[in-house]
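So this block is my_file-v4.tsv, TSV, C-alpha atoms:
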chain	number	residue	atom	x	y	z
A	1	MET	CA	19.22	92.34	-70.15
A	2	THR	CA	20.02	93.26	-66.57
A	3	SER	CA	20.76	90.26	-64.42
A	4	ILE	CA	19.28	89.75	-60.99
A	5	LEU	CA	22.74	89.90	-59.50
A	6	SER	CA	23.44	93.36	-60.93
A	7	ILE	CA	20.06	94.66	-59.76
A	8	LEU	CA	20.85	93.48	-56.25
A	9	LYS	CA	24.36	94.92	-56.43
A	10	ASP	CA	22.98	98.34	-57.40
A	11	ARG	CA	20.30	98.30	-54.77
A	12	PHE	CA	22.31	96.94	-51.81
A	13	SER	CA	25.86	97.81	-52.77
A	14	GLY	CA	27.29	97.79	-49.25
A	15	ALA	CA	25.54	94.66	-48.04
A	16	ILE	CA	26.46	92.39	-50.95
A	17	LEU	CA	29.80	90.81	-50.12
A	18	ASP	CA	30.10	88.65	-53.21
A	19	THR	CA	28.12	87.25	-56.13
A	20	VAL	CA	28.69	83.98	-57.93
A	21	GLU	CA	27.28	82.93	-61.26
A	22	PHE	CA	27.92	79.37	-62.37
A	23	ARG	CA	26.13	77.80	-65.33
A	24	GLY	CA	23.06	79.95	-64.81
A	25	GLU	CA	23.04	79.42	-61.05
A	26	GLN	CA	23.02	82.72	-59.21
A	27	THR	CA	24.28	83.12	-55.68
A	28	VAL	CA	24.49	86.23	-53.53
A	29	ILE	CA	26.55	86.36	-50.37
A	30	VAL	CA	25.23	89.08	-48.11
A	31	GLU	CA	25.88	90.60	-44.72
A	32	LYS	CA	23.88	89.10	-41.90
A	33	ALA	CA	22.47	92.46	-40.81
A	34	LYS	CA	20.95	93.18	-44.23
A	35	ALA	CA	20.03	89.60	-45.15
A	36	LYS	CA	16.36	89.76	-44.35
A	37	GLU	CA	15.99	93.08	-46.14
A	38	VAL	CA	17.55	91.55	-49.28
A	39	ILE	CA	15.30	88.49	-49.05
A	40	LYS	CA	12.21	90.66	-48.63
A	41	TYR	CA	13.26	92.80	-51.59
A	42	CYS	CA	13.69	89.68	-53.72
A	43	ARG	CA	10.21	88.52	-52.80
A	44	ASP	CA	8.38	91.84	-53.14
A	45	GLU	CA	10.21	93.57	-56.00
A	46	LEU	CA	11.94	90.83	-57.99
A	47	GLY	CA	9.12	88.29	-57.99
A	48	PHE	CA	10.81	85.47	-56.08
A	49	ASP	CA	7.53	84.20	-54.70
A	50	TYR	CA	8.55	80.67	-53.74
A	51	LEU	CA	10.93	79.68	-50.92
A	52	ILE	CA	12.36	76.29	-51.85
A	53	ASP	CA	14.51	75.66	-48.83
A	54	VAL	CA	16.38	77.10	-45.89
A	55	SER	CA	19.42	75.18	-44.76
A	56	SER	CA	22.48	75.69	-42.63
A	57	LEU	CA	26.15	74.78	-42.64
A	58	ASP	CA	28.53	74.21	-39.76
A	59	HIS	CA	32.05	75.52	-40.48
A	60	LEU	CA	33.55	74.07	-37.32
A	61	GLY	CA	36.86	75.67	-36.43
A	62	GLU	CA	36.23	78.73	-38.59
A	63	GLU	CA	34.91	82.09	-37.57
A	64	PRO	CA	32.04	82.77	-38.07
A	65	ARG	CA	30.81	79.24	-37.54
A	66	TRP	CA	27.31	79.18	-39.08
A	67	GLU	CA	26.22	79.78	-42.62
A	68	LEU	CA	22.58	79.98	-43.66
A	69	VAL	CA	21.39	79.33	-47.20
A	70	TYR	CA	18.08	80.44	-48.66
A	71	GLU	CA	16.92	79.02	-51.99
A	72	LEU	CA	14.43	81.25	-53.78
A	73	TYR	CA	12.49	80.56	-56.93
A	74	ALA	CA	10.37	82.77	-59.19
A	75	LEU	CA	7.34	81.00	-60.54
A	76	GLY	CA	5.42	84.04	-61.81
A	77	ASN	CA	5.14	84.87	-65.53
A	78	GLY	CA	6.93	81.65	-66.43
A	79	ALA	CA	10.20	83.21	-65.34
A	80	HIS	CA	11.63	80.20	-63.46
A	81	HIS	CA	14.53	82.10	-61.95
A	82	HIS	CA	16.52	80.50	-59.20
A	83	LEU	CA	18.43	82.53	-56.62
A	84	ARG	CA	20.51	81.47	-53.68
A	85	ILE	CA	21.19	83.84	-50.80
A	86	LYS	CA	23.85	83.01	-48.24
A	87	TYR	CA	25.12	84.69	-45.14
A	88	LYS	CA	27.49	83.79	-42.34
A	89	MET	CA	26.76	84.20	-38.69
A	90	ALA	CA	28.68	83.97	-35.42
A	91	GLU	CA	28.13	81.04	-33.09
A	92	ASP	CA	26.33	82.98	-30.35
A	93	ASP	CA	24.19	84.98	-32.79
A	94	LYS	CA	20.55	84.36	-33.65
A	95	ALA	CA	19.19	84.32	-37.19
A	96	ASP	CA	16.16	86.32	-38.29
A	97	SER	CA	13.16	84.20	-39.12
A	98	VAL	CA	11.59	84.66	-42.55
A	99	SER	CA	8.45	82.79	-41.52
A	100	ASP	CA	6.56	86.10	-41.65
A	101	LEU	CA	7.42	86.32	-45.38
A	102	TRP	CA	6.79	82.64	-46.19
A	103	PRO	CA	4.91	80.57	-43.60
A	104	THR	CA	6.66	77.45	-44.95
A	105	ALA	CA	9.96	78.76	-43.59
A	106	GLY	CA	8.79	77.78	-40.13
A	107	TRP	CA	9.28	74.10	-40.96
A	108	HIS	CA	12.79	74.61	-42.30
A	109	GLU	CA	13.80	76.84	-39.42
A	110	ARG	CA	12.52	74.35	-36.89
A	111	GLU	CA	14.62	71.67	-38.57
A	112	ILE	CA	17.70	73.91	-38.48
A	113	TYR	CA	17.09	74.58	-34.80
A	114	ASP	CA	16.62	70.87	-34.12
A	115	MET	CA	19.67	69.64	-36.00
A	116	MET	CA	22.12	72.56	-35.63
A	117	GLY	CA	20.89	74.44	-32.60
A	118	ILE	CA	20.66	77.76	-34.42
A	119	GLU	CA	17.88	79.87	-32.96
A	120	PHE	CA	15.62	82.25	-34.88
A	121	ASN	CA	14.29	85.64	-33.87
A	122	GLY	CA	10.60	85.90	-34.63
A	123	LEU	CA	9.91	82.20	-35.15
A	124	ALA	CA	6.53	81.67	-33.52
A	125	ASP	CA	6.73	77.90	-33.08
A	126	HIS	CA	10.24	77.33	-31.77
A	127	ARG	CA	10.10	73.59	-31.09
A	128	ARG	CA	12.18	70.65	-32.21
A	129	ILE	CA	10.79	68.89	-35.24
A	130	LEU	CA	12.55	65.51	-35.59
A	131	MET	CA	14.04	64.79	-32.18
A	132	TRP	CA	11.92	65.03	-29.05
A	133	GLU	CA	11.70	68.01	-26.72
A	134	GLY	CA	14.40	67.56	-24.11
A	135	TYR	CA	16.94	65.73	-26.29
A	136	PRO	CA	20.13	67.42	-25.12
A	137	TYR	CA	22.20	67.50	-28.33
A	138	PHE	CA	22.15	68.94	-31.85
A	139	PRO	CA	23.12	65.96	-33.98
A	140	LEU	CA	24.06	67.62	-37.27
A	141	ARG	CA	26.80	69.74	-35.72
A	142	LYS	CA	30.25	68.68	-36.82
A	143	ASP	CA	31.42	68.12	-33.26
A	144	PHE	CA	28.63	65.61	-32.65
A	145	PRO	CA	29.87	62.04	-33.20
A	146	LEU	CA	28.21	59.99	-35.94
A	147	ALA	CA	27.57	57.17	-33.49
A	148	GLY	CA	25.52	59.43	-31.25
A	149	ARG	CA	25.66	60.02	-27.53
A	150	PRO	CA	23.79	58.32	-24.71
A	151	SER	CA	20.83	60.21	-23.32
A	152	GLU	CA	17.83	59.31	-21.22
A	153	MET	CA	14.38	60.84	-20.81
A	154	PRO	CA	12.22	58.52	-18.74
A	155	ASP	CA	8.99	57.48	-20.54
A	156	VAL	CA	9.87	59.58	-23.59
A	157	ALA	CA	12.96	58.24	-25.29
A	158	PHE	CA	16.53	57.16	-24.76
A	159	THR	CA	19.53	57.04	-27.05
A	160	ASP	CA	22.75	55.09	-27.02
A	161	ARG	CA	26.00	55.00	-28.91
A	162	ALA	CA	25.86	52.91	-32.09
A	163	PRO	CA	28.62	50.35	-32.63
A	164	LEU	CA	30.70	51.54	-35.56
A	165	ALA	CA	33.26	48.70	-35.77
A	166	GLY	CA	36.27	50.99	-36.11
A	167	GLY	CA	34.37	53.67	-37.97
A	168	PRO	CA	32.93	56.10	-38.82
A	169	PHE	CA	34.37	55.64	-42.25
A	170	VAL	CA	34.04	59.12	-43.64
A	171	THR	CA	35.52	60.93	-46.59
A	172	SER	CA	37.61	64.02	-46.00
A	173	PRO	CA	37.22	66.90	-48.42
A	174	THR	CA	40.64	67.66	-49.86
A	175	SER	CA	42.18	68.67	-53.10
A	176	ALA	CA	44.88	66.02	-52.66
A	177	SER	CA	44.68	62.65	-54.40
A	178	THR	CA	41.81	60.17	-54.25
A	179	VAL	CA	43.89	58.15	-51.79
A	180	HIS	CA	43.47	61.00	-49.31
A	181	ARG	CA	39.78	61.39	-50.07
A	182	GLU	CA	38.90	57.72	-49.50
A	183	PRO	CA	36.63	56.89	-46.57
A	184	ARG	CA	38.75	56.23	-43.49
A	185	SER	CA	38.17	55.53	-39.87
A	186	ARG	CA	38.04	58.77	-37.94
A	187	GLU	CA	37.42	58.63	-34.22
A	188	MET	CA	35.63	61.58	-32.68
A	189	ASP	CA	34.63	62.28	-29.11
B	1	MET	CA	-2.83	8.79	-41.61
B	2	PRO	CA	-0.50	11.75	-40.91
B	3	GLU	CA	2.32	11.08	-38.48
B	4	THR	CA	1.40	13.81	-36.01
B	5	ILE	CA	-2.08	12.49	-35.47
B	6	GLU	CA	-0.78	8.91	-35.20
B	7	GLN	CA	1.53	10.02	-32.40
B	8	HIS	CA	-1.03	11.71	-30.26
B	9	ALA	CA	-4.35	10.16	-31.11
B	10	ALA	CA	-6.23	6.95	-31.46
B	11	TYR	CA	-8.93	7.42	-34.03
B	12	ASP	CA	-11.88	5.16	-34.48
B	13	SER	CA	-14.18	6.15	-37.35
B	14	LYS	CA	-16.86	3.79	-36.11
B	15	ILE	CA	-17.50	5.94	-33.09
B	16	GLU	CA	-20.20	8.46	-33.78
B	17	GLY	CA	-19.08	12.13	-33.59
B	18	ASN	CA	-15.51	11.43	-34.73
B	19	ILE	CA	-13.66	11.59	-31.43
B	20	ILE	CA	-9.90	12.30	-31.57
B	21	PHE	CA	-7.57	11.71	-28.64
B	22	THR	CA	-4.56	13.94	-28.31
B	23	LYS	CA	-2.44	15.74	-25.75
B	24	THR	CA	-3.66	19.12	-24.58
B	25	ASP	CA	-0.29	20.65	-25.41
B	26	ALA	CA	-0.33	19.29	-28.94
B	27	ALA	CA	-3.84	20.55	-29.54
B	28	ILE	CA	-3.22	23.98	-28.02
B	29	ASN	CA	0.05	24.44	-29.88
B	30	TRP	CA	-1.59	23.32	-33.13
B	31	MET	CA	-4.34	25.87	-32.68
B	32	ARG	CA	-1.96	28.64	-31.70
B	33	LYS	CA	0.47	28.13	-34.53
B	34	ASN	CA	-2.21	28.02	-37.20
B	35	SER	CA	-4.03	31.15	-36.12
B	36	LEU	CA	-1.25	33.63	-35.49
B	37	TRP	CA	-2.71	37.10	-35.68
B	38	PRO	CA	0.09	39.53	-36.51
B	39	MET	CA	0.52	43.01	-35.12
B	40	PRO	CA	2.04	44.68	-38.20
B	41	MET	CA	4.60	47.06	-36.73
B	42	GLY	CA	5.40	48.55	-40.13
B	43	LEU	CA	8.03	51.27	-39.70
B	44	ALA	CA	9.87	51.39	-43.03
B	45	CYS	CA	10.20	49.70	-46.40
B	46	CYS	CA	9.98	46.21	-44.83
B	47	ALA	CA	6.30	46.99	-44.29
B	48	ILE	CA	5.82	47.06	-48.07
B	49	GLU	CA	7.18	43.51	-48.31
B	50	LEU	CA	4.97	42.55	-45.38
B	51	MET	CA	1.99	43.89	-47.31
B	52	ALA	CA	3.11	41.86	-50.32
B	53	SER	CA	3.23	38.79	-48.09
B	54	GLY	CA	-0.35	39.48	-47.14
B	55	ALA	CA	-1.56	39.96	-50.69
B	56	SER	CA	-2.77	37.27	-53.06
B	57	ARG	CA	0.49	36.28	-54.78
B	58	PHE	CA	2.21	35.17	-51.57
B	59	ASP	CA	-0.93	34.88	-49.44
B	60	ILE	CA	0.03	34.69	-45.79
B	61	ALA	CA	-3.48	33.26	-45.22
B	62	ARG	CA	-2.09	29.86	-46.21
B	63	PHE	CA	-0.42	29.87	-42.80
B	64	GLY	CA	-3.37	31.25	-40.88
B	65	ALA	CA	-1.70	34.60	-40.27
B	66	GLU	CA	-3.74	36.82	-42.54
B	67	VAL	CA	-5.64	38.58	-39.76
B	68	MET	CA	-3.47	41.68	-39.39
B	69	ARG	CA	-4.70	43.31	-36.22
B	70	PHE	CA	-4.09	46.97	-35.61
B	71	SER	CA	-5.00	46.55	-31.99
B	72	PRO	CA	-2.34	44.95	-29.79
B	73	ARG	CA	-5.10	43.45	-27.61
B	74	GLN	CA	-6.07	41.11	-30.43
B	75	SER	CA	-2.60	40.15	-31.67
B	76	ASP	CA	-0.37	37.13	-31.09
B	77	VAL	CA	2.79	37.95	-33.00
B	78	MET	CA	4.38	41.34	-33.44
B	79	ILE	CA	6.16	41.62	-36.76
B	80	VAL	CA	8.60	44.50	-36.37
B	81	ALA	CA	9.05	45.50	-40.01
B	82	GLY	CA	11.45	48.37	-40.40
B	83	THR	CA	13.79	50.85	-38.78
B	84	VAL	CA	13.08	51.40	-35.10
B	85	THR	CA	14.17	54.92	-34.26
B	86	TYR	CA	14.76	55.95	-30.67
B	87	LYS	CA	11.77	58.24	-31.00
B	88	MET	CA	9.58	55.23	-31.85
B	89	ALA	CA	11.29	52.67	-29.62
B	90	LEU	CA	9.28	53.17	-26.44
B	91	ALA	CA	6.05	53.24	-28.45
B	92	VAL	CA	6.91	49.82	-29.89
B	93	LYS	CA	7.70	48.57	-26.40
B	94	ARG	CA	4.42	49.92	-25.11
B	95	ILE	CA	2.43	48.22	-27.86
B	96	TRP	CA	4.31	44.98	-27.12
B	97	ASP	CA	3.40	45.31	-23.44
B	98	GLN	CA	-0.25	45.71	-24.38
B	99	MET	CA	-0.32	42.41	-26.26
B	100	PRO	CA	-1.79	39.55	-24.20
B	101	GLU	CA	0.19	36.36	-23.53
B	102	PRO	CA	1.08	34.13	-25.23
B	103	LYS	CA	2.89	36.38	-27.67
B	104	TRP	CA	5.79	36.14	-30.05
B	105	CYS	CA	7.96	38.57	-31.93
B	106	ILE	CA	9.47	38.45	-35.40
B	107	ALA	CA	12.24	40.94	-36.19
B	108	MET	CA	11.84	41.41	-39.91
B	109	GLY	CA	14.82	42.69	-41.85
B	110	ALA	CA	18.24	44.10	-41.02
B	111	CYS	CA	17.05	47.26	-39.25
B	112	ALA	CA	14.71	45.58	-36.81
B	113	SER	CA	17.29	42.86	-36.12
B	114	SER	CA	20.39	44.99	-35.66
B	115	GLY	CA	19.86	48.59	-36.72
B	116	GLY	CA	20.88	47.61	-40.23
B	117	MET	CA	22.80	50.18	-42.16
B	118	TYR	CA	21.79	52.89	-39.69
B	119	ARG	CA	24.79	53.09	-37.37
B	120	SER	CA	23.36	56.36	-36.25
B	121	TYR	CA	22.44	58.57	-33.32
B	122	ALA	CA	18.78	58.17	-34.16
B	123	VAL	CA	18.27	54.42	-34.59
B	124	LEU	CA	17.87	51.67	-32.00
B	125	GLN	CA	20.45	48.97	-32.78
B	126	GLY	CA	18.03	46.05	-32.88
B	127	ILE	CA	14.56	45.70	-31.34
B	128	ASP	CA	15.92	42.87	-29.16
B	129	ASN	CA	17.35	45.61	-26.95
B	130	LEU	CA	13.79	46.20	-25.78
B	131	ILE	CA	11.65	43.12	-26.41
B	132	PRO	CA	12.42	39.39	-26.74
B	133	VAL	CA	12.62	38.25	-30.36
B	134	ASP	CA	11.73	34.71	-31.45
B	135	VAL	CA	12.65	34.81	-35.12
B	136	TYR	CA	15.04	37.10	-37.01
B	137	ILE	CA	14.57	37.44	-40.76
B	138	SER	CA	17.57	38.64	-42.73
B	139	GLY	CA	17.27	40.84	-45.78
B	140	CYS	CA	17.00	44.51	-46.64
B	141	PRO	CA	14.11	44.19	-47.05
B	142	PRO	CA	13.43	40.43	-46.96
B	143	ARG	CA	11.36	39.03	-49.81
B	144	PRO	CA	7.88	37.73	-48.96
B	145	GLU	CA	9.20	34.16	-49.27
B	146	ALA	CA	11.60	34.96	-46.43
B	147	VAL	CA	8.76	36.37	-44.34
B	148	LEU	CA	6.78	33.18	-44.88
B	149	GLU	CA	9.85	31.08	-44.05
B	150	GLY	CA	10.24	33.06	-40.84
B	151	LEU	CA	6.61	32.50	-40.04
B	152	MET	CA	7.00	28.76	-40.60
B	153	ARG	CA	10.05	28.74	-38.31
B	154	LEU	CA	7.94	30.44	-35.66
B	155	GLN	CA	5.22	27.81	-36.18
B	156	ASP	CA	7.83	25.09	-35.64
B	157	LYS	CA	8.96	26.82	-32.49
B	158	ILE	CA	5.42	27.10	-31.17
B	159	SER	CA	4.65	23.46	-31.92
B	160	LYS	CA	7.63	22.45	-29.75
B	161	GLU	CA	6.68	24.65	-26.82
B	162	GLY	CA	6.47	22.89	-23.47
B	163	SER	CA	3.45	22.01	-21.43
B	164	SER	CA	1.01	24.87	-21.24
B	165	VAL	CA	0.10	23.77	-17.73
B	166	ALA	CA	3.72	23.98	-16.62
B	167	HIS	CA	3.99	27.31	-18.41
B	168	PHE	CA	1.17	28.81	-16.39
B	169	LYS	CA	2.57	27.29	-13.18
B	170	THR	CA	5.99	28.88	-13.70
B	171	GLU	CA	4.36	32.17	-14.64
B	172	LYS	CA	2.47	32.14	-11.34
B	173	ALA	CA	5.59	31.19	-9.40
B	174	VAL	CA	7.41	34.16	-10.85
What do you get writing this file as structure tokens?
Amino acid sequence: MTSILSILKDRFSGAILDTVEFRGEQTVIVEKAKAKEVIKYCRDELGFDYLIDVSSLDHLGEEPRWELVYELYALGNGAHHHLRIKYKMAEDDKADSVSDLWPTAGWHEREIYDMMGIEFNGLADHRRILMWEGYPYFPLRKDFPLAGRPSEMPDVAFTDRAPLAGGPFVTSPTSASTVHREPRSREMD
Amino acid sequence: MPETIEQHAAYDSKIEGNIIFTKTDAAINWMRKNSLWPMPMGLACCAIELMASGASRFDIARFGAEVMRFSPRQSDVMIVAGTVTYKMALAVKRIWDQMPEPKWCIAMGACASSGGMYRSYAVLQGIDNLIPVDVYISGCPPRPEAVLEGLMRLQDKISKEGSSVAHFKTEKAV
């Protein structure tokens, strides 16, 4: 049986940077330039008809900063295959919208724009989805403080800094001992 | 004869029509506190407990507050039940402003009282930043018994309110 990963590797040899298979979970890391082509191929030729989610990661301090993750699923013929496609993108770059392939992507892309500030080429409805139009920050970025920042839009909304009592008490990802991983006060801003 | 009536009234059953003498304040406060129409500002899980308080097991009607009004023009007490986000905050304030005097506010649960566990960029840290709160109810969410206790505390507060005449005078002076 040929796996989905090997099919993709044969078809897009240059664009596939890496593949990961872990307990039946299949992940492809692709080049940004070819990402949409790969996603379209997966939908049209490999039967991945359902887009579960689009999400984004902020690798603050690394280059490139953004990483986008697409979760695809194949419902047809009882296949139930799951495929994850990732690509990295520079901070000043714009992602390509897949809302022309799956209309549902518009919701996810609006959320990514709202929370991370990543913009999408070809997204018809490029508005914020959770925060209000005119809110000046992107709150899921790593350089945005957990407590928030003050802002003011007369007659629409205002925000203020939340009291954190010495916090935020956040865990730090590390391979060192649990003592190092414990939630600790970390002042930002 | 109950103490409250003894204080304020002289009652003579021989008089036809059953006339009761009382103070205007006592009568007005008694009427107000036993017909509190809530504005259910249900914003999160506290609203579920508020609904439970309204249903038959806990039965908020025993305290005259069963008439949940979804129009602020007809409400007396705003029960802020749930997390007030900054996006919702000015809407809550606006609904509060639309309620006619006299009006009261109950902050139900941790979120409405203080932001609760949401020390976050998105959540108002207590509705008392925007509107005056009469009673805070602790809990996450509070049980219906706590909601009823809060309502009874508010009734106590209303029954002790000063002269309505003086109230209107000071309002005019301001």
I need the chain A residues near chain B as an MDAnalysis selection string; criterion: at most 6 Å, counting only C-alpha atoms. chainID A and resid 147:148 157 162
Export of prior selection with C-alpha atoms as a short mmCIF file (atom, residue, chain, number, x, y, z; two decimals), in the coordinates of the input:
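Below is the file out-v9.cif, written as the result:
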data_model
loop_
_atom_site.label_atom_id
_atom_site.label_comp_id
_atom_site.auth_asym_id
_atom_site.auth_seq_id
_atom_site.Cartn_x
_atom_site.Cartn_y
_atom_site.Cartn_z
CA ALA A 147 27.57 57.17 -33.49
CA GLY A 148 25.52 59.43 -31.25
CA ALA A 157 12.96 58.24 -25.29
CA ALA A 162 25.86 52.91 -32.09
#
Have a look at atom CA of A:Thr159 and atom CA of B:Gly109 and let me know their distance in Å, one decimal.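 We find that atom CA of A:Thr159 and atom CA of B:Gly109 lie 21.1 Å from each other.
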Separation of atom CA of B:Ser159 and atom CA of B:Gln74, in Å? 20.7 Å
Given the point (11.9, 68.0, -30.1) in the coordinates of this file, which residues lie within 10 Å, counting all atoms listed in the file, and how would they look as a list in words?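 Output of the proximity query reads Arg110, Glu111, Tyr113, Asp114, Met115, His126, Arg127, Arg128, Ile129, Leu130, Met131, Trp132, Glu133, Gly134, Tyr135 and Pro136 of chain A; Lys87 of chain B.
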Using only C-alpha atoms, which protein or nucleic acid residues come within 8 Å of stretch 52-56 of chain B? Drop anything in the same chain fewer than 4 positions from it, and give the result as an mmCIF file with C-alpha atoms, keeping the file's coordinate frame.
data_model
loop_
_atom_site.group_PDB
_atom_site.id
_atom_site.type_symbol
_atom_site.label_atom_id
_atom_site.label_comp_id
_atom_site.auth_asym_id
_atom_site.auth_seq_id
_atom_site.Cartn_x
_atom_site.Cartn_y
_atom_site.Cartn_z
ATOM 1 C CA ILE B 48 5.820 47.060 -48.070
ATOM 2 C CA ILE B 60 0.030 34.690 -45.790
ATOM 3 C CA ALA B 61 -3.480 33.260 -45.220
ATOM 4 C CA GLU B 66 -3.740 36.820 -42.540
ATOM 5 C CA PRO B 144 7.880 37.730 -48.960
ATOM 6 C CA GLU B 145 9.200 34.160 -49.270
ATOM 7 C CA VAL B 147 8.760 36.370 -44.340
ATOM 8 C CA LEU B 148 6.780 33.180 -44.880
#
Would you compute, for all listed atoms of stretch 88-94 of chain A, the axis-aligned bounding box grown by 3 Å on each side, and then report its centre and edge lengths in Å rounded to one decimal, as JSON?
{"center_x": 24.6, "center_y": 83.0, "center_z": -36.3, "size_x": 14.1, "size_y": 9.9, "size_z": 18.0}
So that I can check the surroundings of stretch 12-17 of chain A, please list as an NGL selection string every protein, DNA and RNA residue that reaches within 9 Å of it, counting all atoms listed in the file and ignoring chain neighbours fewer than 4 positions away. :A and (7-8 or 28-35 or 38)
